[in-house]
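Listing of upload-v1.cif, mmCIF, C-alpha atoms
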data_coords
loop_
_atom_site.label_atom_id
_atom_site.label_comp_id
_atom_site.auth_asym_id
_atom_site.auth_seq_id
_atom_site.Cartn_x
_atom_site.Cartn_y
_atom_site.Cartn_z
CA MET L 584 37.95 -26.73 13.85
CA ASN L 585 37.00 -25.81 10.31
CA PRO L 586 39.70 -23.56 8.73
CA ALA L 587 37.04 -21.03 7.81
CA VAL L 588 36.09 -20.75 11.47
CA ASN L 589 39.71 -20.04 12.38
CA LEU L 590 39.73 -17.25 9.80
CA LEU L 591 36.42 -16.03 11.18
CA ASN L 592 37.91 -15.83 14.67
CA TYR L 593 40.82 -13.84 13.26
CA GLU L 594 38.46 -11.47 11.47
CA ILE L 595 36.42 -10.97 14.65
CA GLY L 596 39.59 -10.02 16.43
CA ILE L 597 40.45 -7.26 13.99
CA ARG L 598 36.97 -6.08 13.01
CA GLY L 599 34.89 -6.51 16.13
CA LEU L 600 31.91 -8.68 17.02
CA GLU L 601 29.32 -6.39 15.43
CA ASP L 602 30.31 -7.50 11.92
CA ALA L 603 30.97 -11.16 12.68
CA GLU L 604 27.75 -12.59 11.22
CA ALA L 605 28.49 -11.08 7.81
CA LEU L 606 31.82 -12.87 7.54
CA ILE L 607 30.86 -16.49 6.99
CA SER L 608 28.33 -18.30 4.76
CA LYS L 609 27.66 -21.98 4.19
CA VAL L 610 27.84 -23.12 0.57
CA GLY L 611 26.79 -26.75 0.35
CA ASN L 612 28.86 -28.52 2.98
CA ASN L 613 31.60 -25.91 2.96
CA TRP L 614 32.03 -22.73 4.96
CA ILE L 615 33.15 -19.71 2.95
CA VAL L 616 34.41 -16.49 4.53
CA PHE L 617 33.58 -13.16 2.89
CA PRO L 618 34.56 -9.62 3.89
CA ALA L 619 32.34 -7.91 6.43
CA LYS L 620 29.87 -5.39 5.00
CA LYS L 621 29.08 -2.23 6.90
CA MET L 622 25.62 -0.98 5.93
CA ILE L 623 24.83 2.72 5.60
CA MET L 624 21.09 2.22 5.02
CA THR L 625 19.41 0.57 8.00
CA TYR L 626 15.95 -0.96 7.72
CA ASP L 627 14.37 2.07 9.39
CA LYS L 628 16.16 4.42 7.01
CA ILE L 629 14.99 2.40 4.01
CA VAL L 630 11.37 2.44 5.21
CA GLU L 631 11.57 6.17 5.90
CA LEU L 632 13.04 6.84 2.45
CA ILE L 633 10.26 4.90 0.69
CA GLY L 634 7.61 6.83 2.65
CA LYS L 635 4.30 6.05 4.29
CA LYS L 636 2.34 5.84 1.04
CA GLU L 637 4.25 2.72 0.06
CA GLU L 638 4.92 1.12 3.44
CA TYR L 639 2.80 -1.78 2.16
CA LEU L 640 5.79 -2.85 0.06
CA PHE L 641 7.45 -4.14 3.24
CA SER L 642 4.47 -6.14 4.56
CA HIS L 643 2.96 -7.50 1.34
CA LYS L 644 2.54 -11.28 1.09
CA CYS L 645 2.45 -12.67 -2.42
CA LYS L 646 -0.44 -15.09 -2.91
CA THR L 647 -0.15 -15.56 -6.66
CA ILE L 648 2.93 -17.76 -7.05
CA LEU L 649 4.23 -18.67 -3.59
CA LYS L 650 7.91 -18.07 -2.85
CA GLU L 651 8.36 -21.76 -1.99
CA LYS L 652 7.90 -22.56 -5.69
CA LEU L 653 10.76 -20.28 -6.74
CA HIS L 654 14.47 -20.92 -7.08
CA LEU L 655 15.58 -18.08 -4.83
CA PRO L 656 19.00 -16.40 -4.65
CA GLY L 657 21.39 -17.74 -2.06
CA ALA L 658 25.04 -18.53 -1.40
CA ASP L 659 24.53 -21.99 -2.92
CA PHE L 660 22.64 -20.82 -6.03
CA ILE L 661 25.17 -22.21 -8.52
CA ASP L 662 25.19 -25.60 -6.77
CA ARG L 663 21.37 -25.70 -6.56
CA VAL L 664 20.62 -24.51 -10.09
CA PHE L 665 23.46 -24.33 -12.57
CA SER L 666 25.28 -27.51 -11.54
CA ASP L 667 22.37 -29.45 -13.08
CA SER L 668 22.50 -27.49 -16.33
CA ASN L 669 24.50 -27.93 -19.54
CA ARG L 670 26.85 -25.07 -18.57
CA ASN L 671 30.46 -26.25 -18.71
CA ILE L 672 32.89 -26.07 -15.81
CA GLN L 673 34.51 -22.85 -17.01
CA THR L 674 31.10 -21.15 -17.26
CA LEU L 675 30.31 -22.23 -13.70
CA ARG L 676 33.61 -20.67 -12.59
CA SER L 677 32.76 -17.47 -14.45
CA LEU L 678 29.35 -17.28 -12.76
CA ASP L 679 31.01 -18.02 -9.43
CA ALA L 680 33.42 -15.12 -9.95
CA ILE L 681 30.46 -12.75 -10.36
CA TYR L 682 28.54 -14.10 -7.36
CA LYS L 683 31.59 -13.91 -5.10
CA SER L 684 32.67 -10.34 -5.88
CA GLY L 685 31.76 -7.00 -4.32
CA ARG L 686 29.75 -6.17 -1.22
CA LEU L 687 27.09 -8.76 -2.05
CA ALA L 688 29.62 -11.60 -2.32
CA GLY L 689 28.25 -14.84 -0.91
CA THR L 690 24.61 -13.69 -0.75
CA GLY L 691 23.42 -14.87 -4.18
CA TYR L 692 22.38 -11.30 -5.01
CA LEU L 693 23.95 -9.10 -7.68
CA SER L 694 24.76 -5.41 -8.05
CA VAL L 695 26.08 -4.48 -11.48
CA LEU L 696 27.26 -1.14 -12.89
CA PRO L 697 26.24 -0.89 -16.57
CA VAL L 698 27.65 1.89 -18.73
CA ASP L 699 26.85 1.44 -22.40
CA GLN L 700 25.04 4.76 -22.72
CA GLY L 701 28.00 6.38 -24.44
CA VAL L 702 26.93 4.41 -27.51
CA GLU L 703 23.22 3.91 -26.83
CA HIS L 704 22.41 7.54 -25.87
CA SER L 705 25.59 9.26 -27.15
CA ALA L 706 28.68 10.06 -25.08
CA GLY L 707 28.10 13.79 -24.86
CA VAL L 708 24.64 13.45 -23.36
CA SER L 709 25.64 10.61 -21.05
CA PHE L 710 28.84 12.07 -19.65
CA SER L 711 28.16 15.80 -19.60
CA PRO L 712 26.97 15.59 -15.95
CA ASP L 713 30.46 14.33 -15.03
CA PRO L 714 33.01 14.36 -17.90
CA MET L 715 35.44 12.12 -15.98
CA TYR L 716 33.47 9.15 -17.34
CA PHE L 717 34.62 9.80 -20.89
CA ASP L 718 37.63 7.84 -19.54
CA PRO L 719 36.46 4.22 -19.12
CA GLU L 720 38.95 3.65 -16.31
CA ASN L 721 36.78 5.82 -14.09
CA ILE L 722 33.75 3.66 -14.91
CA ILE L 723 35.64 0.63 -13.62
CA LYS L 724 36.87 2.54 -10.56
CA LEU L 725 33.26 3.45 -9.73
CA ALA L 726 32.23 -0.19 -9.98
CA ILE L 727 35.07 -1.28 -7.70
CA GLU L 728 34.64 1.47 -5.12
CA GLY L 729 30.87 1.04 -5.37
CA GLY L 730 31.18 -2.60 -4.30
CA CYS L 731 29.62 -4.04 -7.46
CA ASN L 732 29.75 -7.71 -8.40
CA ALA L 733 30.69 -6.78 -11.96
CA VAL L 734 31.03 -3.94 -14.43
CA ALA L 735 29.21 -4.09 -17.77
CA THR L 736 30.38 -1.75 -20.49
CA THR L 737 31.53 -1.56 -24.12
CA MET L 738 34.14 -3.79 -25.69
CA GLY L 739 36.41 -0.83 -26.37
CA GLY L 740 36.00 0.57 -22.87
CA LEU L 741 37.04 -2.72 -21.28
CA ALA L 742 39.78 -3.49 -23.82
CA ILE L 743 41.68 -0.23 -23.26
CA VAL L 744 42.24 -1.03 -19.56
CA ALA L 745 41.85 -4.82 -19.57
CA ARG L 746 45.36 -5.71 -18.37
CA LYS L 747 45.01 -3.42 -15.38
CA TYR L 748 41.53 -4.40 -14.20
CA ALA L 749 40.33 -7.75 -15.63
CA HIS L 750 41.63 -9.57 -12.55
CA LYS L 751 40.26 -6.98 -10.10
CA ILE L 752 36.54 -7.02 -10.97
CA PRO L 753 34.51 -9.31 -13.26
CA PHE L 754 34.01 -7.88 -16.76
CA ILE L 755 30.70 -8.19 -18.63
CA ALA L 756 31.46 -7.23 -22.24
CA LYS L 757 28.49 -5.69 -24.06
CA VAL L 758 28.77 -7.02 -27.61
CA ASN L 759 25.88 -5.25 -29.37
CA HIS L 760 24.41 -1.75 -29.34
CA ASN L 761 22.02 0.67 -30.97
CA GLU L 762 23.80 3.87 -32.03
CA LEU L 763 22.28 7.31 -32.64
CA LEU L 764 24.60 8.72 -35.30
CA THR L 765 22.85 7.17 -38.30
CA TYR L 766 20.54 9.72 -39.97
CA PRO L 767 17.65 9.43 -39.57
CA ASN L 768 17.99 7.64 -36.25
CA LYS L 769 17.12 3.97 -36.24
CA PHE L 770 16.61 1.51 -33.40
CA ASP L 771 18.41 -1.72 -34.13
CA GLN L 772 20.89 -3.68 -32.04
CA ILE L 773 23.94 -4.61 -34.12
CA MET L 774 27.17 -6.38 -33.16
CA PHE L 775 30.06 -4.15 -32.11
CA GLY L 776 32.50 -6.94 -31.32
CA SER L 777 32.99 -10.68 -31.22
CA VAL L 778 32.53 -13.13 -28.39
CA LYS L 779 36.09 -14.37 -28.95
CA ASP L 780 37.45 -10.85 -28.45
CA ALA L 781 35.43 -10.52 -25.24
CA TRP L 782 37.05 -13.74 -24.04
CA ASN L 783 40.50 -12.48 -25.05
CA LEU L 784 40.15 -9.28 -23.01
CA GLY L 785 39.34 -11.30 -19.90
CA ALA L 786 35.55 -10.95 -19.68
CA VAL L 787 33.74 -13.54 -17.55
CA ALA L 788 30.46 -12.81 -19.31
CA VAL L 789 29.01 -11.27 -22.44
CA GLY L 790 25.99 -8.99 -22.45
CA ALA L 791 23.62 -8.29 -25.32
CA THR L 792 20.34 -6.50 -25.97
CA ILE L 793 17.32 -7.72 -27.92
CA TYR L 794 14.48 -5.35 -28.80
CA PHE L 795 11.62 -7.84 -28.59
CA GLY L 796 8.58 -6.76 -30.59
CA SER L 797 10.61 -4.71 -33.06
CA PRO L 798 10.72 -5.48 -36.81
CA GLU L 799 14.38 -6.46 -36.39
CA SER L 800 13.83 -8.76 -33.39
CA GLY L 801 13.96 -11.96 -35.44
CA ARG L 802 17.48 -11.27 -36.65
CA GLN L 803 18.55 -10.07 -33.20
CA ILE L 804 17.25 -13.25 -31.54
CA THR L 805 19.21 -15.36 -34.03
CA THR L 806 22.42 -13.32 -33.68
CA VAL L 807 22.35 -13.16 -29.89
CA SER L 808 21.45 -16.84 -29.43
CA GLN L 809 24.47 -17.77 -31.56
CA ALA L 810 26.67 -15.40 -29.54
CA PHE L 811 25.42 -16.91 -26.27
CA GLU L 812 26.13 -20.42 -27.54
CA GLU L 813 29.72 -19.42 -28.35
CA ALA L 814 30.11 -17.64 -25.00
CA HIS L 815 29.06 -20.75 -23.10
CA ARG L 816 31.40 -22.87 -25.22
CA LEU L 817 34.29 -20.57 -24.24
CA GLY L 818 33.28 -20.66 -20.57
CA MET L 819 31.61 -17.27 -20.21
CA ALA L 820 28.26 -16.44 -18.64
CA THR L 821 25.50 -14.67 -20.58
CA VAL L 822 23.45 -11.60 -19.63
CA LEU L 823 20.52 -10.41 -21.73
CA TRP L 824 19.16 -6.84 -21.78
CA CYS L 825 15.62 -8.08 -22.41
CA TYR L 826 13.78 -5.00 -23.71
CA LEU L 827 10.63 -4.36 -25.73
CA ARG L 828 10.55 -1.68 -28.42
CA ASN L 829 7.71 -0.84 -30.78
CA SER L 830 5.80 2.42 -31.09
CA SER L 831 2.58 0.39 -31.33
CA PHE L 832 3.04 -0.72 -27.72
CA LYS L 833 1.89 2.75 -26.60
CA LYS L 834 -1.89 2.98 -26.30
CA ASP L 835 -3.85 5.88 -24.79
CA LYS L 836 -0.63 7.36 -23.35
CA ILE L 837 0.23 4.09 -21.58
CA ASP L 838 3.51 2.40 -22.48
CA TYR L 839 2.89 -1.33 -22.49
CA ALA L 840 6.55 -1.98 -23.28
CA VAL L 841 6.87 -2.02 -19.49
CA SER L 842 3.78 -4.15 -18.80
CA ALA L 843 4.21 -7.25 -16.69
CA ASP L 844 2.67 -9.60 -19.24
CA LEU L 845 4.77 -8.47 -22.22
CA THR L 846 8.05 -8.11 -20.30
CA GLY L 847 7.38 -11.49 -18.72
CA GLN L 848 7.13 -13.10 -22.15
CA ALA L 849 10.29 -11.30 -23.25
CA ASN L 850 12.03 -12.81 -20.22
CA TYR L 851 10.81 -16.27 -21.23
CA LEU L 852 12.25 -15.82 -24.71
CA GLY L 853 15.48 -14.63 -23.12
CA VAL L 854 15.97 -17.69 -20.93
CA THR L 855 14.99 -19.88 -23.89
CA ILE L 856 18.14 -18.73 -25.70
CA GLN L 857 20.05 -19.62 -22.51
CA ALA L 858 20.62 -16.26 -20.86
CA ASP L 859 22.02 -16.93 -17.38
CA ILE L 860 20.90 -13.53 -16.10
CA ILE L 861 18.01 -11.40 -17.36
CA LYS L 862 18.12 -7.60 -17.19
CA GLN L 863 14.61 -6.16 -17.37
CA LYS L 864 12.82 -2.92 -16.62
CA LEU L 865 10.59 -2.94 -13.56
CA PRO L 866 6.95 -3.41 -14.67
CA GLU L 867 4.84 -0.26 -14.46
CA ASN L 868 1.50 -1.69 -15.63
CA ASN L 869 -0.16 -4.84 -16.90
CA GLY L 870 -2.53 -5.92 -19.65
CA GLY L 871 -0.37 -5.28 -22.69
CA TYR L 872 -1.86 -8.18 -24.61
CA LYS L 873 -5.37 -6.96 -23.90
CA ALA L 874 -4.59 -3.41 -24.96
CA LEU L 875 -3.05 -4.53 -28.25
CA ASN L 876 -5.93 -6.89 -29.13
CA VAL L 877 -8.39 -4.16 -30.12
CA ASP L 878 -10.01 -2.81 -33.28
CA GLY L 879 -9.94 -6.20 -34.96
CA ILE L 880 -6.18 -6.61 -34.45
CA SER L 881 -4.94 -9.97 -33.19
CA TYR L 882 -1.67 -9.93 -31.28
CA GLY L 883 -0.05 -12.79 -29.37
CA LYS L 884 -2.00 -15.00 -27.00
CA TYR L 885 -3.13 -14.54 -23.43
CA ASP L 886 -5.19 -16.24 -20.76
CA GLU L 887 -7.37 -14.33 -18.27
CA ARG L 888 -5.70 -16.24 -15.44
CA MET L 889 -2.52 -14.29 -16.20
CA TYR L 890 -4.33 -11.29 -14.75
CA THR L 891 -6.64 -12.88 -12.18
CA GLU L 892 -4.44 -15.60 -10.67
CA LEU L 893 -0.82 -14.99 -11.63
CA THR L 894 -0.69 -11.23 -11.00
CA THR L 895 -2.34 -8.44 -9.04
CA SER L 896 -1.83 -4.70 -9.26
CA ASN L 897 0.79 -4.81 -6.48
CA PRO L 898 4.25 -3.90 -7.83
CA ILE L 899 5.80 -6.93 -6.10
CA ASP L 900 3.32 -9.32 -7.72
CA LEU L 901 3.91 -7.72 -11.12
CA CYS L 902 7.65 -8.20 -10.69
CA ARG L 903 7.12 -11.79 -9.53
CA TYR L 904 5.44 -12.49 -12.85
CA GLN L 905 8.73 -11.46 -14.46
CA VAL L 906 10.60 -13.82 -12.11
CA ILE L 907 8.43 -16.85 -12.88
CA ASN L 908 9.05 -16.28 -16.58
CA CYS L 909 12.76 -16.68 -15.86
CA PHE L 910 12.19 -20.43 -15.37
CA MET L 911 10.83 -19.78 -11.87
CA GLY L 912 14.02 -17.98 -10.89
CA ARG L 913 16.51 -20.47 -12.33
CA ALA L 914 17.86 -17.53 -14.34
CA GLY L 915 18.31 -14.50 -12.11
CA LEU L 916 16.20 -11.39 -12.73
CA ILE L 917 17.98 -8.09 -12.24
CA ASN L 918 15.88 -4.97 -12.72
CA SER L 919 17.31 -1.80 -14.22
CA GLY L 920 17.54 1.53 -12.44
CA GLY L 921 16.37 3.72 -15.31
CA ALA L 922 17.20 7.33 -16.13
CA SER L 923 18.63 9.81 -13.65
CA ALA L 924 16.06 12.20 -12.19
CA GLY L 925 18.21 14.16 -9.75
CA GLU L 926 17.07 14.21 -6.14
CA LYS L 927 14.55 11.40 -6.73
CA ASP L 928 17.24 8.93 -7.79
CA LEU L 929 18.05 7.47 -4.38
CA ARG L 930 14.44 6.75 -3.48
CA GLU L 931 13.63 5.31 -6.90
CA ALA L 932 16.70 3.08 -6.86
CA VAL L 933 16.06 1.78 -3.35
CA ARG L 934 12.36 1.25 -4.15
CA THR L 935 13.27 -0.82 -7.21
CA ALA L 936 15.65 -2.91 -5.10
CA VAL L 937 12.97 -3.54 -2.46
CA ILE L 938 10.43 -4.64 -5.07
CA ASN L 939 12.94 -6.83 -6.90
CA LYS L 940 14.15 -8.56 -3.74
CA ARG L 941 10.69 -9.13 -2.29
CA ALA L 942 9.49 -10.48 -5.66
CA GLY L 943 12.25 -13.10 -5.66
CA GLY L 944 14.59 -11.27 -8.02
CA MET L 945 18.37 -11.46 -7.92
CA GLY L 946 19.46 -7.85 -7.86
CA MET L 947 19.70 -4.54 -9.61
CA ILE L 948 21.71 -2.97 -12.39
CA ALA L 949 22.00 0.80 -11.96
CA GLY L 950 23.91 2.97 -14.42
CA ARG L 951 22.81 6.54 -15.06
CA LYS L 952 21.60 7.07 -11.51
CA SER L 953 25.10 6.28 -10.25
CA PHE L 954 27.51 7.75 -12.82
CA GLN L 955 25.59 10.92 -13.72
CA ARG L 956 26.47 12.47 -10.35
CA PRO L 957 29.68 13.16 -8.37
CA PHE L 958 31.84 10.07 -7.81
CA ASP L 959 31.31 9.84 -4.04
CA GLU L 960 27.55 10.22 -4.43
CA GLY L 961 27.56 7.47 -7.02
CA ILE L 962 29.31 5.15 -4.57
CA GLU L 963 26.79 6.02 -1.86
CA LEU L 964 23.85 5.28 -4.16
CA LEU L 965 25.29 1.90 -5.17
CA HIS L 966 25.91 1.00 -1.53
CA SER L 967 22.36 2.01 -0.63
CA ILE L 968 20.98 -0.36 -3.26
CA GLN L 969 23.21 -3.16 -1.98
CA ASP L 970 22.10 -2.53 1.59
CA VAL L 971 18.57 -3.57 0.63
CA TYR L 972 19.89 -7.00 -0.37
CA LEU L 973 22.11 -7.24 2.72
CA ASN L 974 19.24 -6.42 5.06
CA GLU L 975 17.63 -9.59 6.38
CA GLN L 976 14.50 -7.73 7.51
CA ILE L 977 13.63 -7.18 3.85
CA ASN L 978 12.67 -10.69 2.81
CA VAL L 979 10.97 -12.45 -0.09
CA ALA L 980 7.21 -11.89 -0.04
#

If you convert what's in this file into structure tokens, what do you get?
Amino acid sequence: MNPAVNLLNYEIGIRGLEDAEALISKVGNNWIVFPAKKMIMTYDKIVELIGKKEEYLFSHKCKTILKEKLHLPGADFIDRVFSDSNRNIQTLRSLDAIYKSGRLAGTGYLSVLPVDQGVEHSAGVSFSPDPMYFDPENIIKLAIEGGCNAVATTMGGLAIVARKYAHKIPFIAKVNHNELLTYPNKFDQIMFGSVKDAWNLGAVAVGATIYFGSPESGRQITTVSQAFEEAHRLGMATVLWCYLRNSSFKKDKIDYAVSADLTGQANYLGVTIQADIIKQKLPENNGGYKALNVDGISYGKYDERMYTELTTSNPIDLCRYQVINCFMGRAGLINSGGASAGEKDLREAVRTAVINKRAGGMGMIAGRKSFQRPFDEGIELLHSIQDVYLNEQINVA
């Protein structure tokens, strides 16, 4: 009998039959055993939380780009996708460490805790809801207790506790930031540390942000692409915060920085500089190119089929357009959770996870919604997000 099956039998004996199916996954020709996951959000609870007005999210069938054309998440994702790439063996091991950690281990889906807001939004504003997070150790504890695949935070925050935690949860070291202490405020991502230092502190991946569409984006693209090249050389994975920023993207009170067409192109630029994972905001609208090509102004290029054949107004189809711009899913798309809005946070987070998963995305990265609340509630919110990806009734549309 396969050794993994013997271990499975042992686990059944101590955990009970109800969790048995969650314990074993096939990766290639090998059987891998992962810890059982007890879900707190059942399918019925998830549907109830989303509400009747958006029940269509669970039954929608995508007819734009069919799911069969995508490279979908799965236990064998690294073997199916990255083993054919130029990523070196150490980078494959780093990616494997991320995919095999936390409650989503062995599923191909990712749940990441990102906390860079202490720099990006200022520490006082970010941590006033719960001052314990001024101490970066508590950020890492939340990620571990919350069952995350990895924790993404500042170089300094990881470095100060690296020897204690680098071997307990995968580190994603955020190497650039925009800070709000310069007067007047500016919006420009600059390097806060080196890739070599991220490697030295035990990170398995580096993260970076590019503000596509901004006047500084050219320099940022060059800097981050060089950083990603060095990260891959050292055997680390790469994660890109793939954001748009330009005041001109707002037209008639609509923010096209979160349009499907513009964010999709940002994703394509991101995977072009070899980001292994793309972090992107969930699309809220479409037609950014059209809106910006008015009053005699020429901006970018677009084709009407982007709007008539490749997308619809359905949130899942809009998100799928983001996925196809990640080389048809060869680079995983993880959508961000956004700002904390109090009681609405749980529903918004779970809704984002449902849309991302059904679109063919790879997971969710939720920061403020999880750490700007009591510790136990943050854990519960993270587990609720993960339960969407663990639930087999919520499938790819």

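Against the coordinates shown, the PyMOL selection byres ((chain L and resi 780) around 12) returns Thr737, Met738, Gly739, Leu741, Ala742, Ala745, Ala756, Lys757, Val758, Phe775, Gly776, Ser777, Val778, Lys779, Ala781, Trp782, Asn783, Leu784, Gly785, Ala786, Val787, Ala788, Val789, Ala810, Glu813, Ala814, Leu817 and Met819 of chain L.
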
Query - Residues selected by the PyMOL selection byres ((chain L and resi 654) around 6), written as a ChimeraX atom specification - result: /L:653,655,912-913

Using the selection just defined, write its residues with C-alpha atoms as a JSON list (two decimals), keeping the file's coordinate frame.
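Listing of result_28.json after writing:
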[["chain", "number", "residue", "atom", "x", "y", "z"],
["L", 653, "LEU", "CA", 10.76, -20.28, -6.74],
["L", 655, "LEU", "CA", 15.58, -18.08, -4.83],
["L", 912, "GLY", "CA", 14.02, -17.98, -10.89],
["L", 913, "ARG", "CA", 16.51, -20.47, -12.33]]

Report task. Identify all residues satisfying the PyMOL selection byres ((chain L and resi 632-643) around 10) in the given file; provide them as a PyMOL selection string. Result -> chain L and resi 624+626-631+644-646+897-900+929-931+933-934+937-938+941+976-980

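Taking CA of Ala942 (chain L) and CA of Leu845 (chain L) as endpoints, the distance between them is 17.3 Å.
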
Please provide as a short mmCIF file (atom, residue, chain, number, x, y, z; two decimals) with C-alpha atoms, keeping the file's coordinate frame all residues within 8 Å of Gly657 (chain L), with the sequence filter that same-chain residues fewer than 6 positions apart are discarded (counting all atoms listed in the file).
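File produced: part_38.cif:
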data_model
loop_
_atom_site.label_atom_id
_atom_site.label_comp_id
_atom_site.auth_asym_id
_atom_site.auth_seq_id
_atom_site.Cartn_x
_atom_site.Cartn_y
_atom_site.Cartn_z
CA GLY L 689 28.25 -14.84 -0.91
CA THR L 690 24.61 -13.69 -0.75
CA GLY L 691 23.42 -14.87 -4.18
CA TYR L 692 22.38 -11.30 -5.01
#

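Proximity of L:Ile752, L:Ile804, L:Leu875, L:Leu893 to Val695 (chain L), computed with all atoms listed in the file, is greatest for L:Ile752.
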
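Distances from L:Gly925, L:Ile860, L:Gly870, L:Gln848 to Thr891 (chain L) were compared using only C-alpha atoms, and the smallest one belongs to L:Gly870.
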
Considering all atoms listed in the file, return as a short mmCIF file (atom, residue, chain, number, x, y, z; two decimals) with C-alpha atoms, in the coordinates of the input whatever protein or nucleic-acid residues lie within 9 Å of Leu764 (chain L), sequence-local ones (same chain, fewer than 4 positions apart) excluded.
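Written file, part22.cif:
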data_model
loop_
_atom_site.label_atom_id
_atom_site.label_comp_id
_atom_site.auth_asym_id
_atom_site.auth_seq_id
_atom_site.Cartn_x
_atom_site.Cartn_y
_atom_site.Cartn_z
CA SER L 705 25.59 9.26 -27.15
CA ASN L 768 17.99 7.64 -36.25
CA LYS L 769 17.12 3.97 -36.24
#

Requested in this report: Compute the distance from (14.8, -20.4, -19.0) to each atom, counting all atoms listed in the file, keep the residues with any atom at most 6 Å away, and return them as a PyMOL selection string; use the coordinates of the file.
Outcome: chain L and resi 854-855+909-910

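Going from CA of Asp679 (chain L) over to CA of Leu852 (chain L), you cover 24.3 Å.
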
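Using only C-alpha atoms, the residues found no farther than 9 Å from Ala843 (chain L), other than those of its own chain fewer than 5 positions away, are Gln848, Leu865, Pro866, Glu867, Asn868, Asn869, Gly870, Gly871, Thr894, Leu901, Cys902, Arg903, Tyr904 and Gln905 of chain L.
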
Query raised in the report: Within 9 Å of Asn671 (chain L), counting all atoms listed in the file, which residues qualify if same-chain residues fewer than 5 places away don't, as a PyMOL selection string?
Result: chain L and resi 666+676+815-818

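CA of Asn850 (chain L) is found 19.4 Å from CA of Leu678 (chain L).
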
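Restricting the calculation to all atoms listed in the file, the smallest distance between Gln700 (chain L) and any of L:Phe770, L:Phe954, L:Tyr748, L:Tyr972 is found for L:Phe954.
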
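In this comparison, which uses all atoms listed in the file, the residue of L:Ile880, L:Ala849, L:Ile672, L:Cys731 approaching Gly961 (chain L) most closely is L:Cys731.
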
Could you add N, CA and C atoms to region 894-906 of chain L and give me the result as a CSV table (one decimal), in the coordinates of the input?
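Contents of out18.csv, as written:
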chain,number,residue,atom,x,y,z
L,894,THR,N,-1.1,-12.6,-11.3
L,894,THR,CA,-0.7,-11.2,-11.0
L,894,THR,C,-1.8,-10.5,-10.3
L,895,THR,N,-1.4,-9.4,-9.6
L,895,THR,CA,-2.3,-8.4,-9.0
L,895,THR,C,-1.8,-7.1,-9.5
L,896,SER,N,-2.3,-6.0,-8.9
L,896,SER,CA,-1.8,-4.7,-9.3
L,896,SER,C,-0.7,-4.3,-8.4
L,897,ASN,N,-0.3,-5.1,-7.4
L,897,ASN,CA,0.8,-4.8,-6.5
L,897,ASN,C,2.1,-4.9,-7.2
L,898,PRO,N,3.0,-3.9,-7.1
L,898,PRO,CA,4.2,-3.9,-7.8
L,898,PRO,C,5.1,-5.2,-7.6
L,899,ILE,N,5.0,-5.7,-6.4
L,899,ILE,CA,5.8,-6.9,-6.1
L,899,ILE,C,5.2,-8.1,-6.9
L,900,ASP,N,3.9,-8.2,-7.0
L,900,ASP,CA,3.3,-9.3,-7.7
L,900,ASP,C,3.6,-9.2,-9.2
L,901,LEU,N,3.6,-7.9,-9.7
L,901,LEU,CA,3.9,-7.7,-11.1
L,901,LEU,C,5.3,-8.1,-11.4
L,902,CYS,N,6.3,-7.8,-10.5
L,902,CYS,CA,7.6,-8.2,-10.7
L,902,CYS,C,7.8,-9.7,-10.6
L,903,ARG,N,7.0,-10.3,-9.7
L,903,ARG,CA,7.1,-11.8,-9.5
L,903,ARG,C,6.7,-12.5,-10.8
L,904,TYR,N,5.8,-11.9,-11.6
L,904,TYR,CA,5.4,-12.5,-12.8
L,904,TYR,C,6.6,-12.5,-13.8
L,905,GLN,N,7.5,-11.5,-13.7
L,905,GLN,CA,8.7,-11.5,-14.5
L,905,GLN,C,9.7,-12.6,-14.0
L,906,VAL,N,9.7,-12.8,-12.7
L,906,VAL,CA,10.6,-13.8,-12.1
L,906,VAL,C,10.2,-15.2,-12.6
